[in-house]
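Participant: Handing over entry_8.txt, compact mmCIF, C-alpha atoms (C1' of nucleotides).
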# COMPACT_ATOMS: atom_id res chain seq x y z
CA MET A 1 31.94 8.00 19.13
CA THR A 2 29.79 7.49 16.08
CA ALA A 3 26.31 6.09 16.47
CA ILE A 4 25.33 3.26 14.19
CA ASP A 5 22.46 4.17 11.91
CA ALA A 6 19.17 2.76 13.07
CA THR A 7 18.01 1.09 9.88
CA PRO A 8 15.36 1.03 8.62
CA ARG A 9 14.28 4.61 9.25
CA VAL A 10 11.85 5.12 12.14
CA CYS A 11 8.98 6.90 10.47
CA SER A 12 5.28 7.49 10.96
CA VAL A 13 4.60 6.87 7.29
CA ALA A 14 6.00 3.37 7.62
CA ARG A 15 4.12 2.70 10.87
CA THR A 16 0.87 3.88 9.34
CA LEU A 17 1.37 1.71 6.27
CA GLU A 18 1.91 -1.31 8.47
CA VAL A 19 -1.70 -0.86 9.54
CA VAL A 20 -3.45 0.36 6.39
CA GLY A 21 -0.92 -0.38 3.66
CA GLU A 22 -1.82 -3.95 2.81
CA LYS A 23 -3.69 -4.63 -0.36
CA TRP A 24 -7.44 -3.84 -0.11
CA SER A 25 -7.24 -2.15 3.31
CA LEU A 26 -7.60 1.42 2.09
CA LEU A 27 -10.37 0.38 -0.29
CA ALA A 28 -12.27 -1.15 2.61
CA ILE A 29 -11.93 2.15 4.45
CA ARG A 30 -13.07 4.00 1.33
CA GLU A 31 -16.19 1.84 1.25
CA VAL A 32 -17.07 2.67 4.82
CA PHE A 33 -16.64 6.39 4.08
CA LEU A 34 -19.02 5.92 1.16
CA GLY A 35 -21.57 4.22 3.36
CA ALA A 36 -21.03 0.61 2.31
CA ARG A 37 -20.68 -0.90 5.74
CA ARG A 38 -21.64 -4.50 5.13
CA PHE A 39 -19.30 -7.31 4.17
CA GLU A 40 -21.23 -8.33 1.08
CA GLU A 41 -21.31 -4.80 -0.32
CA MET A 42 -17.59 -4.43 0.16
CA VAL A 43 -16.86 -7.69 -1.60
CA VAL A 44 -18.67 -6.58 -4.76
CA ASN A 45 -17.61 -2.91 -4.68
CA ILE A 46 -13.95 -3.66 -4.05
CA GLY A 47 -13.55 -6.88 -5.99
CA ALA A 48 -11.34 -8.43 -3.33
CA PRO A 49 -11.30 -12.13 -2.47
CA ARG A 50 -13.78 -12.65 0.39
CA ASP A 51 -11.06 -14.43 2.25
CA THR A 52 -8.58 -11.62 2.10
CA LEU A 53 -11.18 -8.96 2.83
CA ALA A 54 -12.29 -10.77 5.97
CA ASN A 55 -8.67 -10.77 7.14
CA ARG A 56 -8.23 -7.06 6.39
CA LEU A 57 -11.39 -6.15 8.27
CA ARG A 58 -10.14 -8.08 11.28
CA THR A 59 -6.84 -6.20 11.13
CA LEU A 60 -8.58 -2.83 10.86
CA VAL A 61 -10.86 -3.61 13.78
CA ASP A 62 -7.89 -4.74 15.87
CA ALA A 63 -6.09 -1.51 14.95
CA GLY A 64 -9.01 0.59 16.16
CA ILE A 65 -9.85 2.01 12.75
CA LEU A 66 -13.14 0.19 12.26
CA GLN A 67 -15.63 -1.04 14.78
CA ARG A 68 -18.03 -3.96 14.39
CA ARG A 69 -21.58 -3.10 15.23
CA ARG A 70 -24.53 -5.46 15.31
CA TYR A 71 -27.39 -4.26 13.21
CA SER A 72 -29.50 -7.39 13.26
CA ASP A 73 -29.92 -10.12 15.85
CA ARG A 74 -31.94 -12.60 13.84
CA PRO A 75 -30.06 -13.44 11.65
CA PRO A 76 -26.92 -12.22 13.42
CA ARG A 77 -25.38 -9.51 11.25
CA ASP A 78 -22.63 -6.99 11.90
CA GLU A 79 -21.62 -3.90 10.00
CA TYR A 80 -18.37 -1.97 10.10
CA VAL A 81 -18.28 1.67 11.15
CA LEU A 82 -15.43 4.15 11.44
CA THR A 83 -13.92 5.03 14.78
CA ASP A 84 -12.48 8.48 15.41
CA ALA A 85 -9.12 7.16 14.28
CA GLY A 86 -10.75 5.84 11.12
CA ARG A 87 -12.39 9.16 10.38
CA ASP A 88 -8.97 10.78 10.61
CA LEU A 89 -7.97 8.82 7.52
CA TYR A 90 -10.27 11.00 5.44
CA PRO A 91 -7.40 13.21 4.19
CA VAL A 92 -5.49 10.13 3.04
CA ILE A 93 -8.45 8.84 1.02
CA ILE A 94 -9.25 12.24 -0.47
CA SER A 95 -5.61 12.90 -1.36
CA LEU A 96 -5.37 9.56 -3.13
CA MET A 97 -8.59 10.29 -5.02
CA GLN A 98 -7.49 13.78 -6.04
CA TRP A 99 -4.20 12.42 -7.34
CA GLY A 100 -5.96 9.78 -9.40
CA ASP A 101 -8.44 12.29 -10.79
CA ARG A 102 -5.55 14.48 -11.91
CA HIS A 103 -2.95 11.99 -13.07
CA LEU A 104 -4.95 8.95 -14.14
CA PRO A 105 -7.94 10.63 -15.75
CA LEU A 106 -10.68 8.68 -17.44
CA GLU A 107 -12.13 9.85 -20.73
CA SER A 108 -15.50 9.90 -19.07
CA GLY A 109 -14.29 12.31 -16.41
CA PRO A 110 -13.87 11.69 -12.69
CA PRO A 111 -15.85 8.59 -11.74
CA MET A 112 -17.02 10.13 -8.49
CA ARG A 113 -17.76 13.80 -8.32
CA LEU A 114 -17.55 15.60 -5.02
CA ALA A 115 -18.30 19.21 -4.17
CA HIS A 116 -17.30 21.38 -1.25
CA GLU A 117 -20.01 23.11 0.77
CA CYS A 118 -19.02 26.36 -0.97
CA GLY A 119 -20.39 24.92 -4.19
CA SER A 120 -17.16 24.29 -6.10
CA PRO A 121 -16.12 20.90 -7.41
CA LEU A 122 -13.73 19.48 -4.85
CA HIS A 123 -10.09 20.42 -5.32
CA THR A 124 -7.96 20.40 -2.21
CA HIS A 125 -4.61 21.30 -0.79
CA LEU A 126 -3.02 20.81 2.59
CA ALA A 127 -3.21 23.77 4.95
CA CYS A 128 -1.48 24.58 8.23
CA ASP A 129 -3.71 24.29 11.31
CA SER A 130 -2.00 27.30 12.86
CA CYS A 131 -1.82 29.91 10.11
CA GLY A 132 -3.99 28.38 7.41
CA GLY A 133 -1.21 28.79 4.86
CA ARG A 134 -0.54 26.29 2.13
CA VAL A 135 1.56 23.26 3.09
CA ASP A 136 3.87 21.93 0.42
CA ARG A 137 7.52 21.01 0.11
CA SER A 138 8.56 24.63 -0.16
CA THR A 139 6.76 25.80 2.99
CA VAL A 140 7.81 22.94 5.27
CA ARG A 141 11.16 22.50 6.91
CA ARG A 142 12.60 19.71 8.91
CA ILE A 143 13.61 20.25 12.51
CA ASP A 144 16.62 18.12 13.26
CA ALA A 145 16.62 16.49 16.65
CA ALA A 146 19.55 17.98 18.52
CA GLY A 147 21.82 15.45 20.18
CA MET B 1 -34.89 -2.55 -17.51
CA THR B 2 -32.41 -2.70 -14.70
CA ALA B 3 -28.74 -2.11 -15.38
CA ILE B 4 -26.31 -4.64 -13.99
CA ASP B 5 -23.98 -3.15 -11.42
CA ALA B 6 -20.53 -2.45 -12.75
CA THR B 7 -18.42 -4.21 -10.16
CA PRO B 8 -15.93 -3.45 -8.80
CA ARG B 9 -16.52 0.26 -8.28
CA VAL B 10 -14.74 2.57 -10.73
CA CYS B 11 -12.79 4.83 -8.42
CA SER B 12 -9.74 7.07 -8.47
CA VAL B 13 -8.62 5.77 -5.10
CA ALA B 14 -8.41 2.26 -6.54
CA ARG B 15 -6.66 3.42 -9.70
CA THR B 16 -4.12 5.38 -7.67
CA LEU B 17 -3.45 2.43 -5.40
CA GLU B 18 -2.79 0.23 -8.41
CA VAL B 19 0.20 2.47 -9.07
CA VAL B 20 1.47 3.37 -5.59
CA GLY B 21 -0.32 0.85 -3.37
CA GLU B 22 2.08 -2.05 -3.53
CA LYS B 23 4.27 -2.76 -0.58
CA TRP B 24 7.30 -0.42 -0.35
CA SER B 25 6.17 1.94 -3.13
CA LEU B 26 5.06 4.79 -0.90
CA LEU B 27 8.15 4.39 1.25
CA ALA B 28 10.32 4.74 -1.83
CA ILE B 29 8.48 7.96 -2.65
CA ARG B 30 8.94 9.12 0.93
CA GLU B 31 12.67 8.57 0.59
CA VAL B 32 12.88 10.70 -2.52
CA PHE B 33 10.95 13.48 -0.76
CA LEU B 34 13.50 13.25 2.05
CA GLY B 35 16.38 13.52 -0.37
CA ALA B 36 17.50 9.89 -0.46
CA ARG B 37 17.60 9.45 -4.20
CA ARG B 38 20.03 6.59 -4.60
CA PHE B 39 19.20 2.89 -4.65
CA GLU B 40 21.58 1.95 -1.89
CA GLU B 41 20.25 4.61 0.48
CA MET B 42 16.70 3.48 -0.11
CA VAL B 43 17.55 -0.15 0.59
CA VAL B 44 18.91 0.68 4.03
CA ASN B 45 16.38 3.39 4.96
CA ILE B 46 13.35 1.38 3.89
CA GLY B 47 14.50 -2.11 4.79
CA ALA B 48 12.99 -3.62 1.66
CA PRO B 49 14.49 -6.56 -0.25
CA ARG B 50 16.73 -5.13 -2.99
CA ASP B 51 14.90 -7.28 -5.43
CA THR B 52 11.47 -5.96 -4.61
CA LEU B 53 12.65 -2.36 -4.39
CA ALA B 54 14.20 -2.55 -7.85
CA ASN B 55 10.84 -3.73 -9.19
CA ARG B 56 8.94 -0.96 -7.41
CA LEU B 57 11.26 1.70 -8.74
CA ARG B 58 10.74 0.37 -12.26
CA THR B 59 6.98 0.55 -11.78
CA LEU B 60 7.15 4.11 -10.43
CA VAL B 61 9.35 5.25 -13.31
CA ASP B 62 6.99 3.62 -15.82
CA ALA B 63 4.07 5.36 -14.13
CA GLY B 64 5.73 8.75 -14.49
CA ILE B 65 6.10 9.33 -10.75
CA LEU B 66 9.88 9.04 -10.61
CA GLN B 67 12.49 9.78 -13.21
CA ARG B 68 15.93 8.19 -13.52
CA ARG B 69 18.69 10.68 -13.85
CA ARG B 70 22.37 9.95 -14.43
CA TYR B 71 24.56 11.60 -11.86
CA SER B 72 27.81 9.84 -12.70
CA ASP B 73 29.14 8.46 -15.95
CA ARG B 74 32.16 6.60 -14.65
CA PRO B 75 31.00 4.43 -12.93
CA PRO B 76 27.52 4.66 -14.42
CA ARG B 77 25.13 5.68 -11.64
CA ASP B 78 21.55 6.84 -11.71
CA GLU B 79 19.44 8.51 -9.07
CA TYR B 80 15.68 8.81 -8.82
CA VAL B 81 13.97 12.19 -8.77
CA LEU B 82 10.33 13.18 -8.52
CA THR B 83 8.37 14.25 -11.56
CA ASP B 84 5.55 16.78 -11.25
CA ALA B 85 3.17 13.89 -10.77
CA GLY B 86 5.41 12.54 -8.03
CA ARG B 87 5.52 15.88 -6.25
CA ASP B 88 1.72 15.87 -6.24
CA LEU B 89 1.87 12.86 -3.92
CA TYR B 90 3.16 15.10 -1.14
CA PRO B 91 -0.30 15.42 0.49
CA VAL B 92 -0.61 11.63 0.56
CA ILE B 93 2.73 11.21 2.32
CA ILE B 94 2.10 14.02 4.78
CA SER B 95 -1.41 12.78 5.57
CA LEU B 96 -0.08 9.31 6.29
CA MET B 97 2.63 10.75 8.51
CA GLN B 98 0.23 12.98 10.44
CA TRP B 99 -2.08 10.04 11.04
CA GLY B 100 0.77 7.93 12.38
CA ASP B 101 2.02 10.74 14.60
CA ARG B 102 -1.44 11.06 16.11
CA HIS B 103 -2.64 7.49 16.32
CA LEU B 104 0.52 5.42 16.59
CA PRO B 105 2.61 7.68 18.81
CA LEU B 106 6.03 6.71 20.04
CA GLU B 107 7.05 7.39 23.61
CA SER B 108 9.97 9.34 22.27
CA GLY B 109 7.67 11.67 20.35
CA PRO B 110 7.31 12.00 16.58
CA PRO B 111 10.35 10.48 14.91
CA MET B 112 10.54 13.23 12.33
CA ARG B 113 9.63 16.74 13.30
CA LEU B 114 8.47 19.16 10.66
CA ALA B 115 7.53 22.81 10.93
CA HIS B 116 5.51 25.08 8.70
CA GLU B 117 7.08 28.30 7.47
CA CYS B 118 4.92 30.16 10.00
CA GLY B 119 6.99 28.58 12.75
CA SER B 120 4.46 26.11 14.18
CA PRO B 121 5.06 22.38 14.37
CA LEU B 122 3.35 20.89 11.36
CA HIS B 123 -0.32 19.99 11.82
CA THR B 124 -2.42 19.98 8.72
CA HIS B 125 -5.93 19.71 7.40
CA LEU B 126 -7.37 19.61 3.91
CA ALA B 127 -8.63 22.91 2.55
CA CYS B 128 -10.75 23.81 -0.47
CA ASP B 129 -8.83 25.39 -3.35
CA SER B 130 -11.76 27.71 -4.06
CA CYS B 131 -12.84 29.06 -0.70
CA GLY B 132 -10.06 27.90 1.59
CA GLY B 133 -12.57 26.32 3.96
CA ARG B 134 -11.91 23.09 5.78
CA VAL B 135 -12.58 19.90 3.85
CA ASP B 136 -13.92 16.98 5.85
CA ARG B 137 -16.80 14.56 5.67
CA SER B 138 -19.26 17.13 6.91
CA THR B 139 -18.36 19.81 4.34
CA VAL B 140 -18.21 17.58 1.27
CA ARG B 141 -21.18 16.24 -0.64
CA ARG B 142 -21.41 13.78 -3.46
CA ILE B 143 -22.79 14.88 -6.81
CA ASP B 144 -24.60 11.96 -8.34
CA ALA B 145 -24.14 11.57 -12.05
CA ALA B 146 -27.57 12.11 -13.59
CA GLY B 147 -28.69 9.43 -16.03
C1' DT C 1 48.37 -5.64 -10.77
C1' DA C 2 46.33 -7.30 -6.89
C1' DC C 3 43.16 -6.40 -3.22
C1' DG C 4 39.40 -4.22 -1.10
C1' DG C 5 35.46 -1.25 -1.22
C1' DT C 6 31.14 1.09 -3.21
C1' DC C 7 27.10 1.09 -5.82
C1' DA C 8 23.21 -0.80 -8.34
C1' DG C 9 21.33 -4.07 -9.27
C1' DT C 10 20.15 -9.65 -10.61
C1' DC C 11 19.40 -14.42 -9.31
C1' DC C 12 17.97 -18.03 -6.33
C1' DG C 13 14.97 -21.33 -3.88
C1' DG C 14 12.02 -21.46 0.14
C1' DA C 15 8.27 -19.09 2.66
C1' DA C 16 4.29 -16.44 2.83
C1' DT C 17 0.35 -14.38 0.69
C1' DT C 18 -3.29 -14.05 -2.64
C1' DC C 19 -6.49 -15.91 -5.77
C1' DG C 20 -11.25 -17.64 -7.43
C1' DG C 21 -14.43 -20.62 -6.34
C1' DA C 22 -16.85 -24.01 -3.57
C1' DC C 23 -18.75 -24.62 0.75
C1' DT C 24 -21.09 -23.74 5.56
C1' DG C 25 -24.39 -22.01 8.74
C1' DA C 26 -27.91 -18.95 10.24
C1' DC C 27 -31.91 -17.19 8.91
C1' DC C 28 -36.23 -15.53 5.96
C1' DA C 29 -39.98 -15.91 2.49
C1' DA C 30 -43.00 -18.39 -0.61
C1' DT D 1 -39.32 -27.94 1.01
C1' DT D 2 -37.04 -25.09 -1.99
C1' DG D 3 -34.64 -20.96 -2.91
C1' DG D 4 -32.39 -16.80 -1.56
C1' DT D 5 -29.40 -13.54 1.38
C1' DC D 6 -25.61 -12.60 4.18
C1' DA D 7 -21.10 -13.27 6.32
C1' DG D 8 -17.93 -15.52 6.32
C1' DT D 9 -14.44 -20.24 6.06
C1' DC D 10 -11.83 -23.62 3.45
C1' DC D 11 -9.23 -25.25 -0.41
C1' DG D 12 -5.29 -26.03 -3.47
C1' DA D 13 -3.02 -23.57 -7.22
C1' DA D 14 -0.69 -19.36 -8.58
C1' DT D 15 1.77 -15.42 -7.41
C1' DT D 16 4.68 -12.56 -4.66
C1' DC D 17 7.97 -11.71 -1.18
C1' DC D 18 11.99 -12.82 1.39
C1' DG D 19 17.13 -12.79 2.77
C1' DG D 20 21.21 -13.66 1.06
C1' DA D 21 24.63 -14.73 -2.44
C1' DC D 22 26.27 -13.16 -6.60
C1' DT D 23 27.65 -9.98 -10.75
C1' DG D 24 29.68 -6.16 -13.05
C1' DA D 25 31.42 -1.57 -13.38
C1' DC D 26 34.34 1.25 -11.33
C1' DC D 27 37.75 3.68 -7.79
C1' DG D 28 41.72 3.92 -4.37
C1' DT D 29 45.86 2.43 -2.77
C1' DA D 30 49.90 0.06 -2.22
What do you get writing this file as structure tokens?

Facilitator:
Amino acid sequence: MTAIDATPRVCSVARTLEVVGEKWSLLAIREVFLGARRFEEMVVNIGAPRDTLANRLRTLVDAGILQRRRYSDRPPRDEYVLTDAGRDLYPVIISLMQWGDRHLPLESGPPMRLAHECGSPLHTHLACDSCGGRVDRSTVRRIDAAG
Amino acid sequence: MTAIDATPRVCSVARTLEVVGEKWSLLAIREVFLGARRFEEMVVNIGAPRDTLANRLRTLVDAGILQRRRYSDRPPRDEYVLTDAGRDLYPVIISLMQWGDRHLPLESGPPMRLAHECGSPLHTHLACDSCGGRVDRSTVRRIDAAG
DNA sequence: TACGGTCAGTCCGGAATTCGGACTGACCAA
DNA sequence: TTGGTCAGTCCGAATTCCGGACTGACCGTA
């Protein structure tokens, strides 16, 4: 008996993108990483419609990626901070930035320069938590679920 | 004299997302990484409207991330393969997948199981190309452009 | 040579989303 | 009382996305 393909593919990439893959979401997360936690800052730094950004922030809070925190009572003002889950998106943001720096360079050089604690300009690769070895297509294999 | 803020922020994350940030784009790239190079496969595995997917593939080819390659002359059939730039998106895809595996788990366990060549199930972190040390918010600092 | 199937799209009109900009409401400072 | 800041909401027009039907090139087979 042949099973019918479950389509579309069940995949963590797709499930993650359902949460952070809408337009402006990842830029809002970038802003919080950069320390711009207030709505007004995000609007100008991102260039998103206020409307849409307010919706995205709601979605990210509901998803447990951002948390609203009151920083002023009079007038009532909230800021957005990263949860643990939000902080775990750091590799996604950095990987996107590194790709842009490499493949969409500006004449003026990288618009935001980062350095590792070792002193070098930041260039990264993925490494295995267990052995520390480089992770790329050639060092990863798929384990097929046995039936 | 005070300079007027350049808004929105000039940023490689934003420039990268202009190319790969539209709905379905990253899933199309995922498919090619997984070996599904043909249009029809992508339609069923992704679940995107054929219409929209055809547009995304055009955009990705124009951006130099995918390349069209003829694999049959009669009937004329093309497949999509990764360019070097496309292969460099591997860390983005893997980071998204790892985040989903951790924060949006399925009862049935991770839908796609990967292993590193060392034998361990794949768990990754970002590492510095220079010193190999872990890259996270606490080990990265921003270098402000001096005026 | 007629029929059915595969593949890679295009075309369609309705539905949903996004857009910029105006507006609201709470508050502060002069 | 006037003006400004901040965090949104509301609006109607413009754009994008959607599922599904269709096209065109070809193959297999009967």

Participant: C:DG5: which residues within 12 Å, counting all atoms listed in the file, same-chain residues fewer than 3 positions away excluded, as a ChimeraX atom specification?

Facilitator: /D:26-29

Participant: Kindly provide, as a CSV table (one decimal) with C-alpha atoms, in the frame of the given file, the residues of chain A having any atom no farther than 6 Å from an atom of chain B, counting all atoms listed in the file.

Facilitator:
chain,number,residue,atom,x,y,z
A,7,THR,CA,18.0,1.1,9.9
A,8,PRO,CA,15.4,1.0,8.6
A,9,ARG,CA,14.3,4.6,9.2
A,11,CYS,CA,9.0,6.9,10.5
A,12,SER,CA,5.3,7.5,11.0
A,13,VAL,CA,4.6,6.9,7.3
A,16,THR,CA,0.9,3.9,9.3
A,44,VAL,CA,-18.7,-6.6,-4.8
A,45,ASN,CA,-17.6,-2.9,-4.7
A,46,ILE,CA,-14.0,-3.7,-4.0
A,47,GLY,CA,-13.6,-6.9,-6.0
A,92,VAL,CA,-5.5,10.1,3.0
A,95,SER,CA,-5.6,12.9,-1.4
A,96,LEU,CA,-5.4,9.6,-3.1
A,97,MET,CA,-8.6,10.3,-5.0
A,100,GLY,CA,-6.0,9.8,-9.4
A,101,ASP,CA,-8.4,12.3,-10.8
A,111,PRO,CA,-15.8,8.6,-11.7
A,113,ARG,CA,-17.8,13.8,-8.3
A,114,LEU,CA,-17.6,15.6,-5.0
A,115,ALA,CA,-18.3,19.2,-4.2
A,116,HIS,CA,-17.3,21.4,-1.2
A,117,GLU,CA,-20.0,23.1,0.8
A,123,HIS,CA,-10.1,20.4,-5.3
A,124,THR,CA,-8.0,20.4,-2.2
A,125,HIS,CA,-4.6,21.3,-0.8
A,126,LEU,CA,-3.0,20.8,2.6
A,127,ALA,CA,-3.2,23.8,5.0
A,128,CYS,CA,-1.5,24.6,8.2
A,129,ASP,CA,-3.7,24.3,11.3
A,139,THR,CA,6.8,25.8,3.0
A,140,VAL,CA,7.8,22.9,5.3
A,141,ARG,CA,11.2,22.5,6.9
A,142,ARG,CA,12.6,19.7,8.9
A,143,ILE,CA,13.6,20.2,12.5

Participant: Here's a check: after a least-squares fit over all in-order C-alpha atoms, write chain A in the frame of chain B, as a compact mmCIF listing (two decimals) with C-alpha atoms, in the frame of the given file.

Facilitator:
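Listed below is the output, part-v2.txt:
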# COMPACT_ATOMS: atom_id res chain seq x y z
CA MET A 1 -34.57 -1.68 -17.79
CA THR A 2 -32.20 -2.06 -14.88
CA ALA A 3 -28.49 -1.66 -15.44
CA ILE A 4 -26.24 -4.31 -14.01
CA ASP A 5 -23.88 -2.96 -11.39
CA ALA A 6 -20.40 -2.42 -12.70
CA THR A 7 -18.41 -4.27 -10.06
CA PRO A 8 -15.91 -3.54 -8.70
CA ARG A 9 -16.52 0.17 -8.20
CA VAL A 10 -14.75 2.48 -10.66
CA CYS A 11 -12.81 4.76 -8.37
CA SER A 12 -9.76 6.99 -8.44
CA VAL A 13 -8.63 5.70 -5.07
CA ALA A 14 -8.41 2.20 -6.48
CA ARG A 15 -6.66 3.36 -9.66
CA THR A 16 -4.13 5.33 -7.65
CA LEU A 17 -3.44 2.38 -5.37
CA GLU A 18 -2.78 0.19 -8.38
CA VAL A 19 0.20 2.43 -9.04
CA VAL A 20 1.47 3.32 -5.57
CA GLY A 21 -0.30 0.82 -3.34
CA GLU A 22 2.10 -2.09 -3.50
CA LYS A 23 4.30 -2.78 -0.54
CA TRP A 24 7.32 -0.42 -0.32
CA SER A 25 6.18 1.92 -3.11
CA LEU A 26 5.06 4.78 -0.89
CA LEU A 27 8.16 4.40 1.26
CA ALA A 28 10.33 4.73 -1.84
CA ILE A 29 8.48 7.94 -2.67
CA ARG A 30 8.93 9.12 0.92
CA GLU A 31 12.67 8.59 0.57
CA VAL A 32 12.86 10.70 -2.54
CA PHE A 33 10.93 13.49 -0.79
CA LEU A 34 13.48 13.27 2.01
CA GLY A 35 16.36 13.54 -0.42
CA ALA A 36 17.49 9.92 -0.49
CA ARG A 37 17.58 9.46 -4.22
CA ARG A 38 20.03 6.61 -4.62
CA PHE A 39 19.19 2.92 -4.66
CA GLU A 40 21.58 1.99 -1.88
CA GLU A 41 20.24 4.65 0.48
CA MET A 42 16.70 3.51 -0.10
CA VAL A 43 17.56 -0.10 0.59
CA VAL A 44 18.93 0.72 4.05
CA ASN A 45 16.40 3.43 4.96
CA ILE A 46 13.38 1.40 3.91
CA GLY A 47 14.53 -2.09 4.81
CA ALA A 48 13.02 -3.60 1.68
CA PRO A 49 14.51 -6.54 -0.21
CA ARG A 50 16.77 -5.10 -2.93
CA ASP A 51 14.95 -7.26 -5.40
CA THR A 52 11.53 -5.96 -4.60
CA LEU A 53 12.68 -2.36 -4.37
CA ALA A 54 14.24 -2.53 -7.82
CA ASN A 55 10.89 -3.75 -9.16
CA ARG A 56 8.96 -0.98 -7.41
CA LEU A 57 11.29 1.70 -8.74
CA ARG A 58 10.78 0.37 -12.25
CA THR A 59 7.01 0.52 -11.78
CA LEU A 60 7.15 4.08 -10.44
CA VAL A 61 9.34 5.22 -13.31
CA ASP A 62 7.00 3.58 -15.82
CA ALA A 63 4.06 5.31 -14.12
CA GLY A 64 5.71 8.71 -14.49
CA ILE A 65 6.09 9.31 -10.77
CA LEU A 66 9.87 9.02 -10.62
CA GLN A 67 12.46 9.76 -13.22
CA ARG A 68 15.90 8.18 -13.54
CA ARG A 69 18.68 10.68 -13.87
CA ARG A 70 22.34 9.95 -14.44
CA TYR A 71 24.55 11.60 -11.90
CA SER A 72 27.79 9.84 -12.72
CA ASP A 73 29.15 8.43 -15.95
CA ARG A 74 32.18 6.59 -14.62
CA PRO A 75 30.99 4.44 -12.89
CA PRO A 76 27.52 4.64 -14.43
CA ARG A 77 25.12 5.68 -11.67
CA ASP A 78 21.52 6.84 -11.74
CA GLU A 79 19.42 8.51 -9.10
CA TYR A 80 15.66 8.80 -8.84
CA VAL A 81 13.94 12.18 -8.80
CA LEU A 82 10.29 13.16 -8.55
CA THR A 83 8.32 14.22 -11.58
CA ASP A 84 5.50 16.74 -11.28
CA ALA A 85 3.12 13.84 -10.79
CA GLY A 86 5.37 12.51 -8.05
CA ARG A 87 5.48 15.84 -6.28
CA ASP A 88 1.69 15.83 -6.25
CA LEU A 89 1.84 12.83 -3.93
CA TYR A 90 3.13 15.09 -1.17
CA PRO A 91 -0.32 15.39 0.48
CA VAL A 92 -0.64 11.61 0.57
CA ILE A 93 2.72 11.19 2.32
CA ILE A 94 2.09 14.02 4.77
CA SER A 95 -1.41 12.77 5.58
CA LEU A 96 -0.08 9.30 6.30
CA MET A 97 2.64 10.76 8.52
CA GLN A 98 0.23 12.99 10.43
CA TRP A 99 -2.06 10.04 11.07
CA GLY A 100 0.80 7.94 12.39
CA ASP A 101 2.05 10.76 14.60
CA ARG A 102 -1.41 11.07 16.12
CA HIS A 103 -2.61 7.49 16.34
CA LEU A 104 0.57 5.44 16.61
CA PRO A 105 2.66 7.70 18.83
CA LEU A 106 6.08 6.72 20.05
CA GLU A 107 7.11 7.40 23.63
CA SER A 108 10.01 9.37 22.27
CA GLY A 109 7.70 11.67 20.34
CA PRO A 110 7.33 12.03 16.58
CA PRO A 111 10.38 10.50 14.91
CA MET A 112 10.55 13.25 12.32
CA ARG A 113 9.63 16.76 13.26
CA LEU A 114 8.44 19.16 10.61
CA ALA A 115 7.51 22.81 10.89
CA HIS A 116 5.48 25.08 8.66
CA GLU A 117 7.04 28.31 7.40
CA CYS A 118 4.87 30.16 9.94
CA GLY A 119 6.95 28.60 12.69
CA SER A 120 4.44 26.12 14.13
CA PRO A 121 5.05 22.40 14.33
CA LEU A 122 3.32 20.89 11.33
CA HIS A 123 -0.32 20.00 11.82
CA THR A 124 -2.45 19.96 8.71
CA HIS A 125 -5.95 19.70 7.40
CA LEU A 126 -7.41 19.56 3.92
CA ALA A 127 -8.67 22.86 2.53
CA CYS A 128 -10.80 23.75 -0.48
CA ASP A 129 -8.89 25.34 -3.36
CA SER A 130 -11.82 27.63 -4.08
CA CYS A 131 -12.91 29.00 -0.72
CA GLY A 132 -10.11 27.84 1.56
CA GLY A 133 -12.62 26.27 3.94
CA ARG A 134 -11.96 23.06 5.79
CA VAL A 135 -12.62 19.84 3.86
CA ASP A 136 -13.95 16.94 5.88
CA ARG A 137 -16.82 14.50 5.68
CA SER A 138 -19.29 17.07 6.92
CA THR A 139 -18.39 19.75 4.36
CA VAL A 140 -18.27 17.51 1.29
CA ARG A 141 -21.21 16.16 -0.62
CA ARG A 142 -21.45 13.73 -3.42
CA ILE A 143 -22.84 14.79 -6.77
CA ASP A 144 -24.69 11.89 -8.29
CA ALA A 145 -24.23 11.46 -12.00
CA ALA A 146 -27.64 12.02 -13.54
CA GLY A 147 -28.71 9.35 -16.00

Participant: Within 12 Å of chain B, which residues of chain C show up when using all atoms listed in the file, listed as a PyMOL selection string?

Facilitator: chain C and resi 6-12

Participant: Report as CSV: every residue of chain D with an atom at most 10 Å from chain A, its closest pair of atoms, and their distance in Å to one decimal, counting only C-alpha atoms (C1' of nucleotides), with rows sorted by chain and ascending residue number.

Facilitator:
residue,atom,partner,partner_atom,distance
D:DT5,C1',A:Glu40,CA,9.7
D:DC6,C1',A:Glu40,CA,6.9
D:DA7,C1',A:Phe39,CA,6.6
D:DG8,C1',A:Ala54,CA,7.4
D:DT9,C1',A:Asp51,CA,7.7
D:DC10,C1',A:Asp51,CA,9.3

Participant: Using only C-alpha atoms (C1' of nucleotides), please write the residues we just selected to a file, as an mmCIF file, in the frame of the given file.

Facilitator:
data_model
loop_
_atom_site.group_PDB
_atom_site.id
_atom_site.type_symbol
_atom_site.label_atom_id
_atom_site.label_comp_id
_atom_site.auth_asym_id
_atom_site.auth_seq_id
_atom_site.Cartn_x
_atom_site.Cartn_y
_atom_site.Cartn_z
ATOM 1 C "C1'" DT D 5 -29.400 -13.540 1.380
ATOM 2 C "C1'" DC D 6 -25.610 -12.600 4.180
ATOM 3 C "C1'" DA D 7 -21.100 -13.270 6.320
ATOM 4 C "C1'" DG D 8 -17.930 -15.520 6.320
ATOM 5 C "C1'" DT D 9 -14.440 -20.240 6.060
ATOM 6 C "C1'" DC D 10 -11.830 -23.620 3.450
#

Participant: Report, in Å with one decimal, the straight-line distance from atom CA of B:Ala28 to atom CA of A:Pro49.

Facilitator: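 Going from atom CA of B:Ala28 over to atom CA of A:Pro49 covers 27.4 Å.
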